[in-house]
Structure formats: C-alpha cells, structure tokens
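J.: Coordinates in coords_8.tsv, TSV, C-alpha atoms, are listed below.
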chain	number	residue	atom	x	y	z
N	1424	MET	CA	83.13	128.15	82.96
N	1425	LYS	CA	84.51	124.76	81.92
N	1426	ARG	CA	82.44	123.01	84.61
N	1427	ARG	CA	79.27	124.84	83.53
N	1428	ALA	CA	79.95	123.86	79.91
N	1429	LEU	CA	80.31	120.19	80.88
N	1430	LEU	CA	77.10	120.25	82.91
N	1431	ALA	CA	75.26	121.87	80.02
N	1432	ALA	CA	76.55	119.38	77.44
N	1433	PRO	CA	73.94	116.63	78.05
N	1434	ALA	CA	71.13	119.14	77.78
N	1435	LEU	CA	72.57	120.46	74.54
N	1436	LEU	CA	73.13	116.98	73.12
N	1437	ALA	CA	69.66	115.63	73.95
N	1438	PRO	CA	67.76	117.65	71.29
N	1439	ALA	CA	70.40	116.79	68.70
N	1440	LEU	CA	70.17	113.09	69.57
N	1441	ALA	CA	66.38	113.16	69.43
N	1442	SER	CA	66.53	114.94	66.09
N	1443	ALA	CA	68.94	112.31	64.71
N	1444	GLN	CA	66.59	109.53	65.81
N	1445	ASP	CA	63.60	111.28	64.26
N	1446	ALA	CA	65.52	111.64	61.01
N	1447	TRP	CA	66.48	107.96	60.91
N	1448	PRO	CA	67.40	106.58	58.48
N	1449	ASN	CA	69.64	109.24	56.94
N	1450	ARG	CA	72.03	106.75	55.32
N	1451	PRO	CA	71.80	103.22	53.82
N	1452	VAL	CA	70.64	100.55	56.28
N	1453	THR	CA	72.21	97.08	56.31
N	1454	MET	CA	70.01	94.07	57.08
N	1455	LEU	CA	72.32	91.25	58.16
N	1456	VAL	CA	71.08	87.75	57.28
N	1457	PRO	CA	73.02	84.99	59.12
N	1458	TRP	CA	72.46	82.47	56.32
N	1459	ALA	CA	73.67	82.02	52.74
N	1460	PRO	CA	71.75	83.60	49.83
N	1461	GLY	CA	68.76	81.62	48.59
N	1462	GLY	CA	67.33	80.53	51.94
N	1463	SER	CA	63.92	81.61	53.20
N	1464	ASN	CA	65.21	84.35	55.52
N	1465	ASP	CA	67.24	85.83	52.69
N	1466	ILE	CA	64.29	85.61	50.28
N	1467	VAL	CA	61.90	87.36	52.68
N	1468	ALA	CA	64.40	90.12	53.48
N	1469	ARG	CA	64.98	90.80	49.79
N	1470	LEU	CA	61.23	90.88	49.14
N	1471	LEU	CA	60.64	93.44	51.89
N	1472	ALA	CA	63.66	95.66	51.21
N	1473	PRO	CA	62.07	97.62	48.30
N	1474	GLY	CA	59.06	98.44	50.49
N	1475	PHE	CA	61.33	99.74	53.23
N	1476	GLU	CA	63.26	101.83	50.71
N	1477	ALA	CA	60.05	103.33	49.31
N	1478	ARG	CA	58.95	104.36	52.80
N	1479	THR	CA	62.26	105.80	54.00
N	1480	GLY	CA	64.04	107.03	50.90
N	1481	GLN	CA	67.16	105.07	51.87
N	1482	PRO	CA	68.61	101.82	50.49
N	1483	PHE	CA	68.16	98.66	52.59
N	1484	LEU	CA	71.10	96.40	51.76
N	1485	ILE	CA	71.24	92.64	52.43
N	1486	ASP	CA	74.49	91.33	53.94
N	1487	ASN	CA	74.75	87.53	54.17
N	1488	LYS	CA	77.02	86.23	56.96
N	1489	PRO	CA	76.50	82.44	57.14
N	1490	GLY	CA	78.15	79.97	59.46
N	1491	GLY	CA	77.83	78.30	62.84
N	1492	GLY	CA	74.10	77.63	62.63
N	1493	GLY	CA	73.54	81.36	62.18
N	1494	SER	CA	75.66	82.23	65.22
N	1495	VAL	CA	78.45	83.90	63.19
N	1496	GLY	CA	76.15	86.56	61.76
N	1497	MET	CA	74.20	86.82	65.00
N	1498	GLY	CA	77.38	87.56	66.95
N	1499	GLN	CA	78.33	90.26	64.48
N	1500	ALA	CA	74.87	91.82	64.71
N	1501	MET	CA	74.96	91.67	68.51
N	1502	ARG	CA	78.24	93.66	68.54
N	1503	ALA	CA	77.05	96.30	66.06
N	1504	ARG	CA	76.57	99.92	67.12
N	1505	PRO	CA	72.98	100.42	68.33
N	1506	ASP	CA	72.29	103.27	65.92
N	1507	GLY	CA	69.80	101.59	63.59
N	1508	ASN	CA	72.23	101.34	60.69
N	1509	LEU	CA	72.63	97.56	61.03
N	1510	LEU	CA	69.52	95.46	61.65
N	1511	PHE	CA	69.30	91.71	62.11
N	1512	VAL	CA	67.04	89.38	60.10
N	1513	SER	CA	66.65	86.46	62.48
N	1514	SER	CA	64.80	83.16	62.63
N	1515	ALA	CA	63.80	80.43	65.05
N	1516	SER	CA	66.84	78.46	63.88
N	1517	ASN	CA	69.55	80.82	65.08
N	1518	HIS	CA	67.55	82.82	67.62
N	1519	VAL	CA	66.17	79.87	69.62
N	1520	PHE	CA	67.26	76.40	68.46
N	1521	TYR	CA	70.99	76.96	68.02
N	1522	PRO	CA	71.47	78.68	71.41
N	1523	LEU	CA	69.54	75.88	73.14
N	1524	ILE	CA	71.54	73.15	71.41
N	1525	SER	CA	74.96	74.80	71.66
N	1526	GLY	CA	74.57	75.39	75.38
N	1527	ASP	CA	76.42	78.70	75.64
N	1528	LEU	CA	76.99	81.46	73.10
N	1529	GLY	CA	78.59	83.73	75.67
N	1530	TYR	CA	75.49	85.93	75.70
N	1531	ASP	CA	71.74	85.61	76.15
N	1532	VAL	CA	70.01	86.21	72.82
N	1533	ARG	CA	66.88	87.38	74.63
N	1534	GLU	CA	68.85	90.20	76.28
N	1535	ALA	CA	71.21	91.00	73.39
N	1536	PHE	CA	68.52	92.12	70.92
N	1537	HIS	CA	65.40	94.26	70.77
N	1538	GLY	CA	62.60	92.78	68.73
N	1539	MET	CA	61.50	95.20	66.02
N	1540	ALA	CA	58.83	93.15	64.26
N	1541	MET	CA	57.87	89.58	63.57
N	1542	TRP	CA	57.53	89.15	59.81
N	1543	VAL	CA	56.45	85.71	58.62
N	1544	ASP	CA	55.67	82.18	59.64
N	1545	VAL	CA	57.87	79.73	57.69
N	1546	PRO	CA	56.84	76.04	57.59
N	1547	ASN	CA	59.50	73.33	57.38
N	1548	VAL	CA	59.14	70.45	54.93
N	1549	VAL	CA	60.61	67.05	54.14
N	1550	ALA	CA	61.94	67.06	50.58
N	1551	VAL	CA	63.68	64.38	48.51
N	1552	HIS	CA	65.51	64.03	45.22
N	1553	PRO	CA	63.15	62.75	42.47
N	1554	SER	CA	65.12	59.48	42.31
N	1555	VAL	CA	63.95	58.52	45.80
N	1556	PRO	CA	61.12	55.98	45.43
N	1557	ALA	CA	58.77	57.66	47.92
N	1558	THR	CA	55.85	60.04	47.56
N	1559	ASN	CA	54.78	60.07	51.22
N	1560	VAL	CA	56.25	59.68	54.70
N	1561	ALA	CA	55.37	56.00	55.08
N	1562	GLU	CA	57.10	55.14	51.80
N	1563	LEU	CA	60.12	57.23	52.76
N	1564	ILE	CA	60.47	55.45	56.11
N	1565	ALA	CA	60.17	52.05	54.40
N	1566	HIS	CA	62.80	53.03	51.81
N	1567	ILE	CA	65.31	54.25	54.41
N	1568	ARG	CA	64.93	50.98	56.33
N	1569	THR	CA	66.13	49.07	53.26
N	1570	LEU	CA	69.36	51.07	52.95
N	1571	PRO	CA	72.56	49.75	54.56
N	1572	GLY	CA	73.75	52.55	56.83
N	1573	GLY	CA	70.49	54.43	56.43
N	1574	MET	CA	70.29	57.84	54.73
N	1575	SER	CA	71.93	61.23	55.19
N	1576	PHE	CA	69.82	64.36	55.43
N	1577	GLY	CA	70.78	67.95	54.75
N	1578	SER	CA	69.78	71.03	56.74
N	1579	SER	CA	70.60	74.73	56.71
N	1580	GLY	CA	73.01	74.29	59.61
N	1581	VAL	CA	73.67	72.82	63.03
N	1582	GLY	CA	71.00	73.92	65.45
N	1583	SER	CA	68.65	75.20	62.75
N	1584	SER	CA	64.94	74.42	62.75
N	1585	ASN	CA	65.66	72.17	59.76
N	1586	HIS	CA	68.29	70.28	61.77
N	1587	LEU	CA	65.90	69.84	64.68
N	1588	ALA	CA	63.18	68.69	62.29
N	1589	GLY	CA	65.51	65.98	60.93
N	1590	GLU	CA	66.70	64.89	64.36
N	1591	LEU	CA	63.14	64.59	65.67
N	1592	PHE	CA	62.22	62.57	62.59
N	1593	ARG	CA	65.14	60.23	63.29
N	1594	LEU	CA	64.26	59.90	66.97
N	1595	ARG	CA	60.54	59.38	66.42
N	1596	THR	CA	61.06	56.74	63.71
N	1597	GLY	CA	64.20	55.01	65.00
N	1598	LEU	CA	65.79	55.30	61.55
N	1599	ASP	CA	69.53	55.33	60.88
N	1600	MET	CA	70.05	58.91	59.64
N	1601	THR	CA	73.14	61.12	59.48
N	1602	HIS	CA	72.99	64.91	59.60
N	1603	VAL	CA	74.84	66.88	56.90
N	1604	PRO	CA	74.93	70.59	57.90
N	1605	TYR	CA	75.16	73.34	55.28
N	1606	ARG	CA	75.56	77.11	55.54
N	1607	GLY	CA	71.98	77.92	54.55
N	1608	GLY	CA	68.96	76.67	52.64
N	1609	GLY	CA	70.37	77.65	49.25
N	1610	PRO	CA	73.37	75.29	49.41
N	1611	VAL	CA	71.15	72.45	50.70
N	1612	LEU	CA	68.82	72.95	47.77
N	1613	ALA	CA	71.66	72.95	45.26
N	1614	ASP	CA	72.97	69.59	46.49
N	1615	LEU	CA	69.46	68.13	46.74
N	1616	ILE	CA	68.70	69.09	43.14
N	1617	GLY	CA	72.08	67.70	42.06
N	1618	GLY	CA	71.54	64.43	43.91
N	1619	THR	CA	74.56	64.85	46.20
N	1620	ILE	CA	72.11	64.34	49.05
N	1621	LYS	CA	68.78	62.59	48.61
N	1622	LEU	CA	66.88	63.96	51.62
N	1623	GLY	CA	66.57	67.45	53.06
N	1624	PHE	CA	64.63	69.14	55.84
N	1625	MET	CA	64.12	72.66	54.57
N	1626	ASN	CA	61.93	75.76	54.73
N	1627	LEU	CA	58.95	75.66	52.39
N	1628	PRO	CA	59.71	78.97	50.56
N	1629	THR	CA	63.12	77.61	49.55
N	1630	VAL	CA	61.68	74.44	48.06
N	1631	ILE	CA	58.52	75.56	46.26
N	1632	PRO	CA	60.09	76.80	42.98
N	1633	PRO	CA	62.19	73.66	42.29
N	1634	ALA	CA	59.35	71.42	43.48
N	1635	GLU	CA	56.98	73.02	40.99
N	1636	ALA	CA	59.61	72.45	38.29
N	1637	GLY	CA	59.90	68.77	39.24
N	1638	ARG	CA	63.50	69.07	40.41
N	1639	VAL	CA	62.71	68.01	44.00
N	1640	ARG	CA	59.72	66.34	45.62
N	1641	ILE	CA	58.04	67.61	48.80
N	1642	ILE	CA	56.93	64.67	50.94
N	1643	ALA	CA	55.26	66.45	53.87
N	1644	VAL	CA	55.18	69.56	56.04
N	1645	CYS	CA	56.67	69.43	59.52
N	1646	THR	CA	53.97	71.54	61.18
N	1647	GLY	CA	51.38	70.20	63.60
N	1648	GLN	CA	48.56	70.98	61.14
N	1649	ARG	CA	48.44	71.32	57.38
N	1650	VAL	CA	49.54	74.69	56.05
N	1651	SER	CA	46.62	76.78	54.79
N	1652	LEU	CA	48.75	78.09	51.93
N	1653	ARG	CA	49.51	74.53	50.71
N	1654	PRO	CA	46.62	72.41	52.07
N	1655	ASN	CA	47.42	69.53	49.71
N	1656	LEU	CA	50.63	68.76	51.61
N	1657	PRO	CA	50.11	66.24	54.45
N	1658	THR	CA	51.91	66.58	57.78
N	1659	VAL	CA	54.66	64.25	58.96
N	1660	ALA	CA	52.36	63.18	61.80
N	1661	GLU	CA	49.69	62.19	59.28
N	1662	GLY	CA	52.31	59.95	57.69
N	1663	GLY	CA	52.57	57.91	60.86
N	1664	VAL	CA	55.19	59.74	62.94
N	1665	PRO	CA	53.66	60.47	66.36
N	1666	ASP	CA	54.23	63.58	68.45
N	1667	TYR	CA	55.96	65.44	65.64
N	1668	ALA	CA	55.79	69.19	64.90
N	1669	VAL	CA	58.45	71.81	64.09
N	1670	ARG	CA	57.82	75.32	62.81
N	1671	SER	CA	60.01	78.31	62.00
N	1672	TRP	CA	59.64	82.08	61.63
N	1673	THR	CA	61.52	85.14	60.42
N	1674	GLY	CA	61.60	88.52	62.17
N	1675	LEU	CA	63.63	91.72	62.47
N	1676	PHE	CA	65.78	92.63	65.46
N	1677	ALA	CA	68.15	95.40	66.55
N	1678	PRO	CA	71.15	95.37	68.91
N	1679	LYS	CA	70.43	96.11	72.55
N	1680	ASN	CA	70.24	99.84	73.40
N	1681	THR	CA	69.01	100.83	69.95
N	1682	PRO	CA	66.83	103.93	70.58
N	1683	ASP	CA	63.16	103.10	71.03
N	1684	ALA	CA	62.18	105.71	68.42
N	1685	ILE	CA	64.08	103.74	65.78
N	1686	VAL	CA	62.69	100.40	66.99
N	1687	GLN	CA	59.11	101.68	66.83
N	1688	LYS	CA	59.58	103.35	63.45
N	1689	MET	CA	60.95	100.16	61.90
N	1690	SER	CA	58.16	98.15	63.49
N	1691	GLN	CA	55.56	100.35	61.80
N	1692	ILE	CA	57.40	100.33	58.48
N	1693	SER	CA	57.46	96.53	58.59
N	1694	LYS	CA	53.72	96.42	59.20
N	1695	GLU	CA	53.04	98.71	56.27
N	1696	ALA	CA	55.30	96.76	53.92
N	1697	LEU	CA	53.77	93.41	54.90
N	1698	ASP	CA	50.19	94.64	54.77
N	1699	THR	CA	49.91	95.14	51.01
N	1700	PRO	CA	48.01	92.83	48.65
N	1701	GLN	CA	51.08	92.40	46.46
N	1702	MET	CA	53.30	91.32	49.35
N	1703	ARG	CA	50.69	88.96	50.79
N	1704	THR	CA	50.25	87.34	47.38
N	1705	ARG	CA	54.00	87.04	46.87
N	1706	LEU	CA	54.55	85.50	50.28
N	1707	ALA	CA	51.66	83.09	49.76
N	1708	ASP	CA	53.21	82.00	46.47
N	1709	LEU	CA	56.38	81.23	48.42
N	1710	GLY	CA	54.59	79.35	51.17
N	1711	SER	CA	55.03	81.98	53.90
N	1712	GLU	CA	52.34	83.74	55.90
N	1713	PRO	CA	52.64	87.28	57.31
N	1714	ILE	CA	52.40	87.26	61.12
N	1715	TRP	CA	53.42	90.85	61.97
N	1716	MET	CA	53.89	91.56	65.67
N	1717	ASP	CA	54.94	94.85	67.19
N	1718	ALA	CA	58.24	95.24	69.04
N	1719	ALA	CA	57.02	94.37	72.54
N	1720	THR	CA	55.00	91.38	71.30
N	1721	THR	CA	58.01	90.12	69.33
N	1722	ASP	CA	60.19	90.18	72.47
N	1723	ARG	CA	57.49	88.36	74.43
N	1724	PHE	CA	57.06	85.81	71.62
N	1725	VAL	CA	60.81	85.03	71.64
N	1726	ARG	CA	60.74	84.36	75.39
N	1727	GLU	CA	57.73	82.08	74.94
N	1728	GLU	CA	59.63	80.22	72.20
N	1729	TYR	CA	62.46	79.54	74.63
N	1730	ASP	CA	60.00	78.24	77.21
N	1731	ARG	CA	58.32	76.04	74.59
N	1732	TRP	CA	61.43	74.52	73.02
N	1733	THR	CA	63.79	74.10	75.97
N	1734	PRO	CA	62.14	70.87	77.20
N	1735	VAL	CA	61.77	69.58	73.61
N	1736	VAL	CA	65.48	70.04	72.83
N	1737	ARG	CA	66.44	68.39	76.09
N	1738	ALA	CA	64.14	65.43	75.44
N	1739	ALA	CA	65.51	65.04	71.91
N	1740	ALA	CA	69.07	65.14	73.30
N	1741	VAL	CA	70.29	66.97	70.19
N	1742	LYS	CA	73.90	68.06	70.61
N	1743	ILE	CA	76.49	69.89	68.55
N	1744	GLU	CA	79.19	67.36	67.77
Is it possible to give me this structure as structure tokens?
T.:
Amino acid sequence: MKRRALLAAPALLAPALASAQDAWPNRPVTMLVPWAPGGSNDIVARLLAPGFEARTGQPFLIDNKPGGGGSVGMGQAMRARPDGNLLFVSSASNHVFYPLISGDLGYDVREAFHGMAMWVDVPNVVAVHPSVPATNVAELIAHIRTLPGGMSFGSSGVGSSNHLAGELFRLRTGLDMTHVPYRGGGPVLADLIGGTIKLGFMNLPTVIPPAEAGRVRIIAVCTGQRVSLRPNLPTVAEGGVPDYAVRSWTGLFAPKNTPDAIVQKMSQISKEALDTPQMRTRLADLGSEPIWMDAATTDRFVREEYDRWTPVVRAAAVKIE
C-alpha cells in the first residue's frame, strides 16, 4: 500500500502543480533591481509595476540590491526559488559587461536565468557638471587635456555599460581619466549635480530631468547613431571619437527552472503593459524606447550580446582592479 501511494504521488501532485502555475501570481511578486534607486533600471521597473498589478491583481514590489557592478543582486536572484515570486530586472551592465570584465562569477549568467521579456532600449550619454566649459565632445576633450592629472568620471558601477562607455572614451581619445564607481545611476547623478564629480557616463533616462532643469549638461549620446527620441543630441563619434558605440537595455528574467507557464505569462503581461500609449509616451519622455521581445527571443538576444561584446571587452582590456 505504501509503495502504491508513493508511485501515485507524482500523478496526484502534477494537477496541483499545474493549477498553482495557472493561478500565478497568488501572492505579492518581488522584482529585484541590482542597482540603487533612481537609476534607469529602477525607474523602468517602477513605471511598469502598476501595469503588472492591474493585470494580475497582485502587488509587484521593487527590491533594490546594489553592489558589485550589479553582481550582488544578480547572485541573490540566481539563488531564489524558481516559483515566480522573485523576478530579476536586469540590464546589459550586470548581465553581460560585468561578467565579461570580472572573468568568473562562479556561474554562467546565460544558463542561470530564463529570459521573460526584453523591455526597453536605454542609451548611454556623456554628461558634465554645468561648470565644465564644454558643450560638445571636442570641447570636452580639449578641456580634459588642460587638466593636470586629467579628469575623473563616474559610472553606475564596475563593469556597467556606463563604465565601459567611459573606458572606451579614455582608450579612443588617449585622455588621462580615472574611473569612480558608484552603486547605481542615482548616486552618480547626485554627485554630478553637487559637483563632487564633473563628468559622468550615465543612462539617458537618469539624466533627462536634471538636464532639462539645467543642473547637468548632456554632451553626447554613446550610441552608434543618434537616438530618435532625442535627435538633437550628437553621438560621441560625431564629436571626433572614432569607432565608438555603447548601448544598454533593460529586461526581465527569472531563475533557472522557473515553470514555463509562469515565464510565458509574465512575457505576455510585459508586452501588454509596454504596448499602451501612456507607457510609450512616458518612456519616450525619459529617453527609453520599448523593444519587447518574447522569452525565447530574449534568451537568444542575450547570447548574441555575449558574442558581440566579448571581443570588444578583450580589445579594450578593461579589468576589475
């Protein structure tokens, strides 16, 4: 009897498990952001959360876990139970650049997470304190050359897309520049506004509000072409820096072995939340563009990102010191 009961258990559990997955979410969902509040990933997650809540009837809570170029929060998300109750808001910075630069996280990001949906494309920019006597890239380069010891630049963390953008700028121009890592875009912005640092490589959504208020000045975008949402901003390459382009993105991921029913449901919910006129307008105001991809396409996109950036990081010889 005991043996028959054990053999029957999987068959009895399967309908219950399927029912639980179909009912997901039946409790508040945490979206872990591996950066400090105020950065672009945090902003996008907080914009989308109300739409997710409206479509599921459950709260979507933001949990910021900054540190280690996003690797602290990413490690916590990777170890979470694969039940859909903790999801991971990730970006090119921590999902691709930091693992490539650090050399070994102890796990392969591509295997540790399921892509749920790609959310937005996030351009990087070069921004300065208003006291810096430069309104374009050429003037900025000329100014830095006059400074004994060069200039420090802030980024959202070691191995972030902002860090890589600054290092490539240094390498392509031959300038004397020192990296100052922060724990997210918000802290970089605070010190840039305060004048503690005079130069920052940051995500466009983070910088737009203070730039419009005259508290910082955007010099250029780091993308290969001008951004359609802000066509007045020239590229770094247009300013005379050859072979220069860095871009970032934000997407949603789940720990490995999360049931496919949950992955697919969250993928569709993301599409619906992004594909509203209000959200598109809000994201455009922030300088981000919706680029929804389904789960399988998101996984494929991440692998292509690794293939694209591995030779670039090696050529740039960027290391974690």
J.: Rounded to one decimal place, report the atom CA of Pro1700 of chain N-atom CA of Ala1540 of chain N distance in Å.
T.: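 We find that atom CA of Pro1700 of chain N and atom CA of Ala1540 of chain N lie 19.0 Å from each other.
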J.: Nearest to Arg1703 of chain N among N:Met1454, N:Ala1738, N:Met1574, N:Leu1470, with distances taken over only C-alpha atoms: which residue is it?
T.: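 That would be N:Leu1470, the residue with the smallest distance to Arg1703 of chain N.
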J.: Which residues of segment 1579-1677 of chain N come within 10 Å of segment 1718-1733 of chain N, and what is each one's closest atom pair and distance in Å (one decimal), counting only C-alpha atoms, sorted by chain and residue number, as JSON lines?
T.:
{"residue": "N:Val1669", "atom": "CA", "partner": "N:Trp1732", "partner_atom": "CA", "distance": 9.8}
{"residue": "N:Gly1674", "atom": "CA", "partner": "N:Thr1721", "partner_atom": "CA", "distance": 8.2}
{"residue": "N:Leu1675", "atom": "CA", "partner": "N:Thr1721", "partner_atom": "CA", "distance": 9.0}
{"residue": "N:Phe1676", "atom": "CA", "partner": "N:Ala1718", "partner_atom": "CA", "distance": 8.7}
J.: So, with all atoms listed in the file as the atoms that count, which of N:Pro1553, N:Pro1451, N:Pro1460, N:Pro1682 lies closest to Leu1615 of chain N?
T.: N:Pro1553
J.: Just the residues within 7 Å of Gly1609 of chain N, please, counting all atoms listed in the file, with nothing from its chain fewer than 4 positions along; format it as a PDB file with C-alpha atoms, in the coordinates of the input.
T.:
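Result file out-v6.pdb:
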ATOM      1  CA  ALA N1459      73.670  82.020  52.740  1.00  0.00           C
ATOM      2  CA  PRO N1460      71.750  83.600  49.830  1.00  0.00           C
ATOM      3  CA  GLY N1461      68.760  81.620  48.590  1.00  0.00           C
ATOM      4  CA  GLY N1462      67.330  80.530  51.940  1.00  0.00           C
ATOM      5  CA  ALA N1613      71.660  72.950  45.260  1.00  0.00           C
TER       6      ALA N1613
END
J.: Which of these residues is nearest to Met1501 of chain N, using all atoms listed in the file: N:Trp1542, N:Phe1536, N:Phe1483, N:Trp1447?
T.: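 Among the listed residues, N:Phe1536 lies closest to Met1501 of chain N.
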J.: Mind checking which residues fall within 12 Å of Thr1619 of chain N, counting all atoms listed in the file, ignoring those fewer than 5 positions away in the same chain, and posting them as a list in words?
T.: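 Residues meeting the cut-off are Val1551, His1552, Ser1554, Met1574, Ser1575, Phe1576, Gly1577, Val1603, Pro1610, Val1611, Leu1612, Ala1613 and Asp1614 of chain N.
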J.: Would you pick out the contacts of Ser1583 of chain N at 12 Å or less, using only C-alpha atoms, so that residues sharing its chain but fewer than 5 positions from it are not included, and give the list as an MDAnalysis selection string?
T.: chainID N and resid 1457:1458 1490:1494 1513:1525 1547 1577:1578 1588:1590 1602:1608 1624:1626 1669:1672 1736 1741:1743
J.: By how many Å are atom CA of Ala1684 of chain N and atom CA of Glu1712 of chain N apart?
T.: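 We find that atom CA of Ala1684 of chain N and atom CA of Glu1712 of chain N lie 27.1 Å from each other.
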J.: Counting only C-alpha atoms, figure out which residue out of N:Gln1499, N:Thr1704, N:Gln1691, N:Thr1646 gets nearest to Val1664 of chain N.
T.: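 Looking at the shortest contact to Val1664 of chain N, the residue is N:Thr1646.
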